[in-house]
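K.L.:
Before anything else, here's the structure in question.
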Amino acid sequence: MWKWLHPYAKTQNAYQLCERLLPWFVTSALISFVIGIVWGLAFAPADYQQGDSFRIIYIHVPSAILSMGAYSAMAIAAFVGLVWQVRTAFMAMVALAPIGAVVTFIALFTGAAWGKPMWGTWWVWDARLTSELILLFLYLGVISLYASFEDKHQAGKAAGVMAIVGVVNLPIIHFSVEWWNTLHQGASITKFDKPSVAPDMLWPLLISILGLALVMAAIFIRRLQNEIVRRELNRPWVQELVSAAKEK
Amino acid sequence: MQFDNLSAFFDMGGYAFYVWLSFGVSLLALALLAVDAVQQKRVLFEAVKKEQARKVRIKAAQASAKSNTRNDPQKEEVSSES
């Protein structure tokens with residue numbers, strides 16, 4: 001696998017792979033995201049306790065799960081970059097951070113808008129909410145640490161270490177609802193038992209998760225391309241790429 | 001559809017404000033992220049094009065400067081003859 005994977009450490013190959021993948025990701029992202037959201041908003045049955053307010057779940061749970069998923073991906077990219085000295089991995093890390101930050105913000109915001117009618121408050125300092133807020137700060141930390149170094153090689157290493165150290169927060173978020181008494185309900189999908197959600201509510205939720213994941217992946221691909229071009233501005237292949245785009 | 005009509009759908013069983021606020025802000029945030037990614041590509045390509053055009057201009061200026069210095073002695077000769 002290493003032999004197959006290694007050529008993509010070269011920025012030009014990574015860029016071209018992104019170019020090939022992007023249209024597929026954009027199309028499948030739009031289709032699955034729209035299906036998931038519309039199904040959840042209009043066709044899934046209302047919750048017997050929470051009525052229609054529970055429909056916020058179709059954006060809240062996907063964004064919450066994927067805020068952690070994006071962080072794992074970012075940390076893995078940082079690890080690859082630090083251990084094997086792969087510049088492209090740092091570029092992937094930098095491309096992922098703002099996406100993760102926005103998705104974490106969405107998870108927090110929709111959680112607040114769901115908490116107000118159900119718990120009677122926008123925000124409480126309980127374990128789940130606080131640890132998710134810390135995740136947002138970790139993303140912002142990685143972004144600003146990377147931005148604060150003039151030498152982007154140094155910047156990648158420094159931000160990479162921070163991203164890896166921050167991984168300790170992920171199990172804290174996940175188990176926060178078990179370790180502490182919190183207002184937030186326990187996990188209903190991400191557990192080893194059978195999911196405790198009725199199938200006609202679960203399916204649109206799973207499709208929403210897939211849809212948001214693909215939306216994030218599509219944005220990531222374009223951002224990675226941008227980061228590659230930004231860092232390789234004077235390479236001949238970038239110059240040729242831009243000249244070719246001009247003629248179109 | 002779980003709702004009897006469209007206005008019931010928009011009312012969300014009385015939770016319209018919270019549901020549509022959540023989805024509105026979320027979609028807006030994702031849209032901004034996507035637009036930024038597309039825009040960044042255009043900005044970068046524009047910058048590279050500008051730099052390329054600048055290099056072409058510099059080269060042209062250098063070439064004409066070179067030919068000017070070559071012409072200068074001749075000009076002097078012409079002026080000295082007259």
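Chains: A, B, ... in order of the structure tokens. Residues: from 1 per chain. Ligands: from 1, in order shown.
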With a distance cut-off of 12 Å and only C-alpha atoms, select the neighbouring residues of A:Ile172, excluding the residue or stretch itself and same-chain residues fewer than 2 positions from it, and output the selection as a list in words.
P.N.:
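The filter keeps Met68, Ala127, Arg128, Leu129, Thr130, Ser131, Glu132, Leu133, Ile134, Leu135, Gly166, Val167, Val168, Asn169, Leu170, His174, Phe175, Ser176, Val177, Glu178, Trp179 and Trp180 of chain A.
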K.L.:
Let me see the file: selected residues, C-alpha atoms, as a CSV table (one decimal), in the first residue's frame.
P.N.:
```
chain,number,residue,atom,x,y,z
A,68,MET,CA,-14.6,14.8,16.0
A,127,ALA,CA,-19.1,18.3,30.5
A,128,ARG,CA,-20.3,17.5,27.0
A,129,LEU,CA,-20.9,21.1,26.0
A,130,THR,CA,-17.6,22.4,27.6
A,131,SER,CA,-15.4,19.7,26.0
A,132,GLU,CA,-17.0,20.4,22.6
A,133,LEU,CA,-16.2,24.1,23.1
A,134,ILE,CA,-12.6,23.2,23.9
A,135,LEU,CA,-12.6,21.3,20.6
A,166,GLY,CA,-5.4,17.9,21.3
A,167,VAL,CA,-6.5,14.3,20.4
A,168,VAL,CA,-6.8,13.7,24.2
A,169,ASN,CA,-9.9,15.8,24.1
A,170,LEU,CA,-11.7,13.4,21.7
A,174,HIS,CA,-17.2,11.0,23.7
A,175,PHE,CA,-17.4,9.7,27.3
A,176,SER,CA,-18.3,13.0,28.9
A,177,VAL,CA,-22.0,11.9,29.0
A,178,GLU,CA,-21.0,8.7,31.0
A,179,TRP,CA,-18.2,10.0,33.2
A,180,TRP,CA,-20.1,13.0,34.5
```
K.L.:
Using only C-alpha atoms, find each residue of chain A with at least one atom at most 6 Å away from an atom of chain B; report its shortest atom-to-atom pair and that distance in Å (one decimal), sort the rows by chain and rising residue number, and return the result as a Markdown table.
P.N.:
```
| residue | atom | partner | partner_atom | distance |
| --- | --- | --- | --- | --- |
| A:Ala42 | CA | B:Met1 | CA | 5.6 |
| A:Phe43 | CA | B:Met1 | CA | 4.5 |
| A:Asp52 | CA | B:Met12 | CA | 5.5 |
| A:Ser53 | CA | B:Tyr15 | CA | 5.5 |
| A:Ile56 | CA | B:Val19 | CA | 5.8 |
| A:Ile106 | CA | B:Ser26 | CA | 5.6 |
| A:Thr110 | CA | B:Ser22 | CA | 4.9 |
| A:Ala113 | CA | B:Tyr18 | CA | 5.4 |
| A:Ile219 | CA | B:Ala34 | CA | 5.8 |
| A:Arg223 | CA | B:Ala37 | CA | 5.6 |
| A:Asn226 | CA | B:Lys41 | CA | 5.6 |
```
K.L.:
What would the file look like if the residues just selected were written as a short mmCIF file (atom, residue, chain, number, x, y, z; two decimals), in the first residue's frame with N, CA and C atoms?
P.N.:
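Full text of selection.cif as output:
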```
data_model
loop_
_atom_site.label_atom_id
_atom_site.label_comp_id
_atom_site.auth_asym_id
_atom_site.auth_seq_id
_atom_site.Cartn_x
_atom_site.Cartn_y
_atom_site.Cartn_z
N ALA A 42 -38.90 16.68 6.71
CA ALA A 42 -40.29 16.59 6.24
C ALA A 42 -40.90 15.20 6.36
N PHE A 43 -40.09 14.15 6.28
CA PHE A 43 -40.68 12.82 6.15
C PHE A 43 -40.49 11.92 7.37
N ASP A 52 -41.62 18.29 16.98
CA ASP A 52 -40.82 18.56 15.78
C ASP A 52 -39.49 19.22 16.09
N SER A 53 -39.27 19.63 17.34
CA SER A 53 -37.99 20.27 17.66
C SER A 53 -36.85 19.27 17.52
N ILE A 56 -33.91 19.02 14.70
CA ILE A 56 -32.57 19.63 14.74
C ILE A 56 -31.50 18.54 14.77
N ILE A 106 -21.10 24.70 14.18
CA ILE A 106 -22.47 24.28 13.84
C ILE A 106 -23.01 23.36 14.93
N THR A 110 -26.29 24.60 16.88
CA THR A 110 -27.55 23.86 16.79
C THR A 110 -27.88 23.22 18.14
N ALA A 113 -29.56 25.96 20.06
CA ALA A 113 -30.91 26.23 19.56
C ALA A 113 -31.86 25.06 19.87
N ILE A 219 -15.27 20.14 0.13
CA ILE A 219 -14.65 21.42 0.47
C ILE A 219 -13.17 21.21 0.79
N ARG A 223 -9.90 22.96 -0.86
CA ARG A 223 -9.00 23.71 0.04
C ARG A 223 -7.58 23.15 -0.03
N ASN A 226 -5.98 24.46 -3.06
CA ASN A 226 -5.58 25.86 -2.88
C ASN A 226 -4.30 25.95 -2.06
#
```
K.L.:
Just asking: which residues within stretch 81-222 of chain A are helix (DSSP H, G or I) according to DSSP, as a short mmCIF file (atom, residue, chain, number, x, y, z; two decimals) with C-alpha atoms, in the first residue's frame?
P.N.:
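Just written: out-v6.cif:
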```
data_model
loop_
_atom_site.label_atom_id
_atom_site.label_comp_id
_atom_site.auth_asym_id
_atom_site.auth_seq_id
_atom_site.Cartn_x
_atom_site.Cartn_y
_atom_site.Cartn_z
CA GLY A 81 3.69 14.96 8.42
CA LEU A 82 5.78 14.89 11.58
CA VAL A 83 6.91 11.26 11.42
CA TRP A 84 7.57 10.86 7.70
CA ARG A 87 4.87 18.32 3.39
CA THR A 88 1.61 17.42 1.67
CA ALA A 89 0.30 15.98 4.95
CA PHE A 90 0.79 19.35 6.67
CA MET A 91 -1.07 20.98 3.81
CA ALA A 92 -3.94 18.55 4.39
CA MET A 93 -3.87 19.41 8.09
CA VAL A 94 -4.07 23.13 7.35
CA ALA A 95 -6.86 22.60 4.80
CA LEU A 96 -8.91 20.60 7.33
CA ALA A 97 -8.66 22.91 10.34
CA PRO A 98 -11.11 25.65 9.24
CA ILE A 99 -13.63 23.03 8.03
CA GLY A 100 -13.48 21.33 11.42
CA ALA A 101 -13.83 24.66 13.19
CA VAL A 102 -16.95 25.59 11.20
CA VAL A 103 -18.53 22.17 11.78
CA THR A 104 -17.76 22.36 15.50
CA PHE A 105 -19.39 25.78 15.56
CA ILE A 106 -22.47 24.28 13.84
CA ALA A 107 -22.63 21.50 16.44
CA LEU A 108 -22.45 24.03 19.28
CA PHE A 109 -24.91 26.44 17.69
CA THR A 110 -27.55 23.86 16.79
CA GLY A 111 -27.09 22.33 20.23
CA ALA A 112 -27.86 25.72 21.79
CA ALA A 113 -30.91 26.23 19.56
CA TRP A 114 -32.12 22.76 20.56
CA GLY A 115 -31.30 23.25 24.23
CA LYS A 116 -33.35 26.42 24.54
CA PRO A 117 -36.77 24.84 23.86
CA MET A 118 -35.93 21.45 25.45
CA TRP A 119 -33.76 22.29 28.46
CA ALA A 127 -19.08 18.28 30.50
CA ARG A 128 -20.28 17.53 26.96
CA LEU A 129 -20.85 21.13 25.97
CA THR A 130 -17.64 22.38 27.55
CA SER A 131 -15.44 19.69 26.00
CA GLU A 132 -16.96 20.40 22.58
CA LEU A 133 -16.23 24.10 23.10
CA ILE A 134 -12.62 23.15 23.89
CA LEU A 135 -12.55 21.27 20.57
CA LEU A 136 -13.47 24.54 18.83
CA PHE A 137 -10.62 26.29 20.66
CA LEU A 138 -8.21 23.51 19.63
CA TYR A 139 -9.14 24.05 15.98
CA LEU A 140 -8.70 27.80 16.36
CA GLY A 141 -5.38 27.18 18.12
CA VAL A 142 -4.08 25.04 15.24
CA ILE A 143 -5.21 27.67 12.70
CA SER A 144 -3.65 30.62 14.51
CA LEU A 145 -0.46 28.78 15.45
CA TYR A 146 0.06 27.89 11.79
CA ALA A 147 -0.67 31.47 10.75
CA LYS A 152 5.58 27.47 6.91
CA HIS A 153 7.74 24.39 7.51
CA GLN A 154 8.13 25.43 11.16
CA ALA A 155 4.44 26.40 11.24
CA GLY A 156 3.38 22.94 10.08
CA LYS A 157 5.46 21.23 12.75
CA ALA A 158 4.28 23.47 15.58
CA ALA A 159 0.60 23.29 14.62
CA GLY A 160 1.00 19.54 14.04
CA VAL A 161 2.22 18.95 17.60
CA MET A 162 -0.71 20.94 18.93
CA ALA A 163 -3.17 18.97 16.79
CA ILE A 164 -1.78 15.66 18.08
CA VAL A 165 -1.80 16.74 21.74
CA GLY A 166 -5.41 17.87 21.32
CA VAL A 167 -6.49 14.32 20.45
CA VAL A 168 -6.76 13.69 24.20
CA ASN A 169 -9.95 15.77 24.07
CA LEU A 170 -11.75 13.36 21.71
CA PRO A 171 -12.38 10.52 24.22
CA ILE A 172 -13.25 13.16 26.81
CA ILE A 173 -16.00 14.46 24.51
CA HIS A 174 -17.23 10.99 23.69
CA PHE A 175 -17.36 9.66 27.25
CA SER A 176 -18.31 12.96 28.91
CA VAL A 177 -21.95 11.86 29.05
CA GLU A 178 -20.97 8.71 30.96
CA TRP A 179 -18.21 10.03 33.21
CA PRO A 199 -35.27 2.85 11.84
CA ASP A 200 -37.47 5.48 10.17
CA MET A 201 -35.63 8.14 12.17
CA LEU A 202 -32.24 6.44 11.97
CA TRP A 203 -32.00 6.14 8.19
CA PRO A 204 -32.36 9.85 7.41
CA LEU A 205 -29.88 10.52 10.22
CA LEU A 206 -27.30 8.14 8.76
CA ILE A 207 -27.76 9.68 5.31
CA SER A 208 -27.36 13.17 6.79
CA ILE A 209 -24.11 12.08 8.42
CA LEU A 210 -22.87 10.66 5.11
CA GLY A 211 -24.05 13.79 3.29
CA LEU A 212 -22.27 16.20 5.63
CA ALA A 213 -19.14 14.03 5.51
CA LEU A 214 -19.14 14.26 1.71
CA VAL A 215 -19.79 18.01 1.78
CA MET A 216 -16.80 18.43 4.09
CA ALA A 217 -14.70 16.13 1.89
CA ALA A 218 -15.56 18.14 -1.24
CA ILE A 219 -14.65 21.42 0.47
CA PHE A 220 -11.48 19.79 1.83
CA ILE A 221 -10.39 18.69 -1.65
CA ARG A 222 -10.70 22.20 -3.03
#
```
K.L.:
Work out how far atom CA of A:Gly120 is from atom CA of A:Gly51, in Å to one decimal.
P.N.:
15.4 Å
K.L.:
Using atom CA of A:Val229 and atom CA of A:Lys10 as the two end points, give the distance in Å to one decimal.
P.N.:
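Taking atom CA of A:Val229 and atom CA of A:Lys10, their separation equals 12.5 Å.
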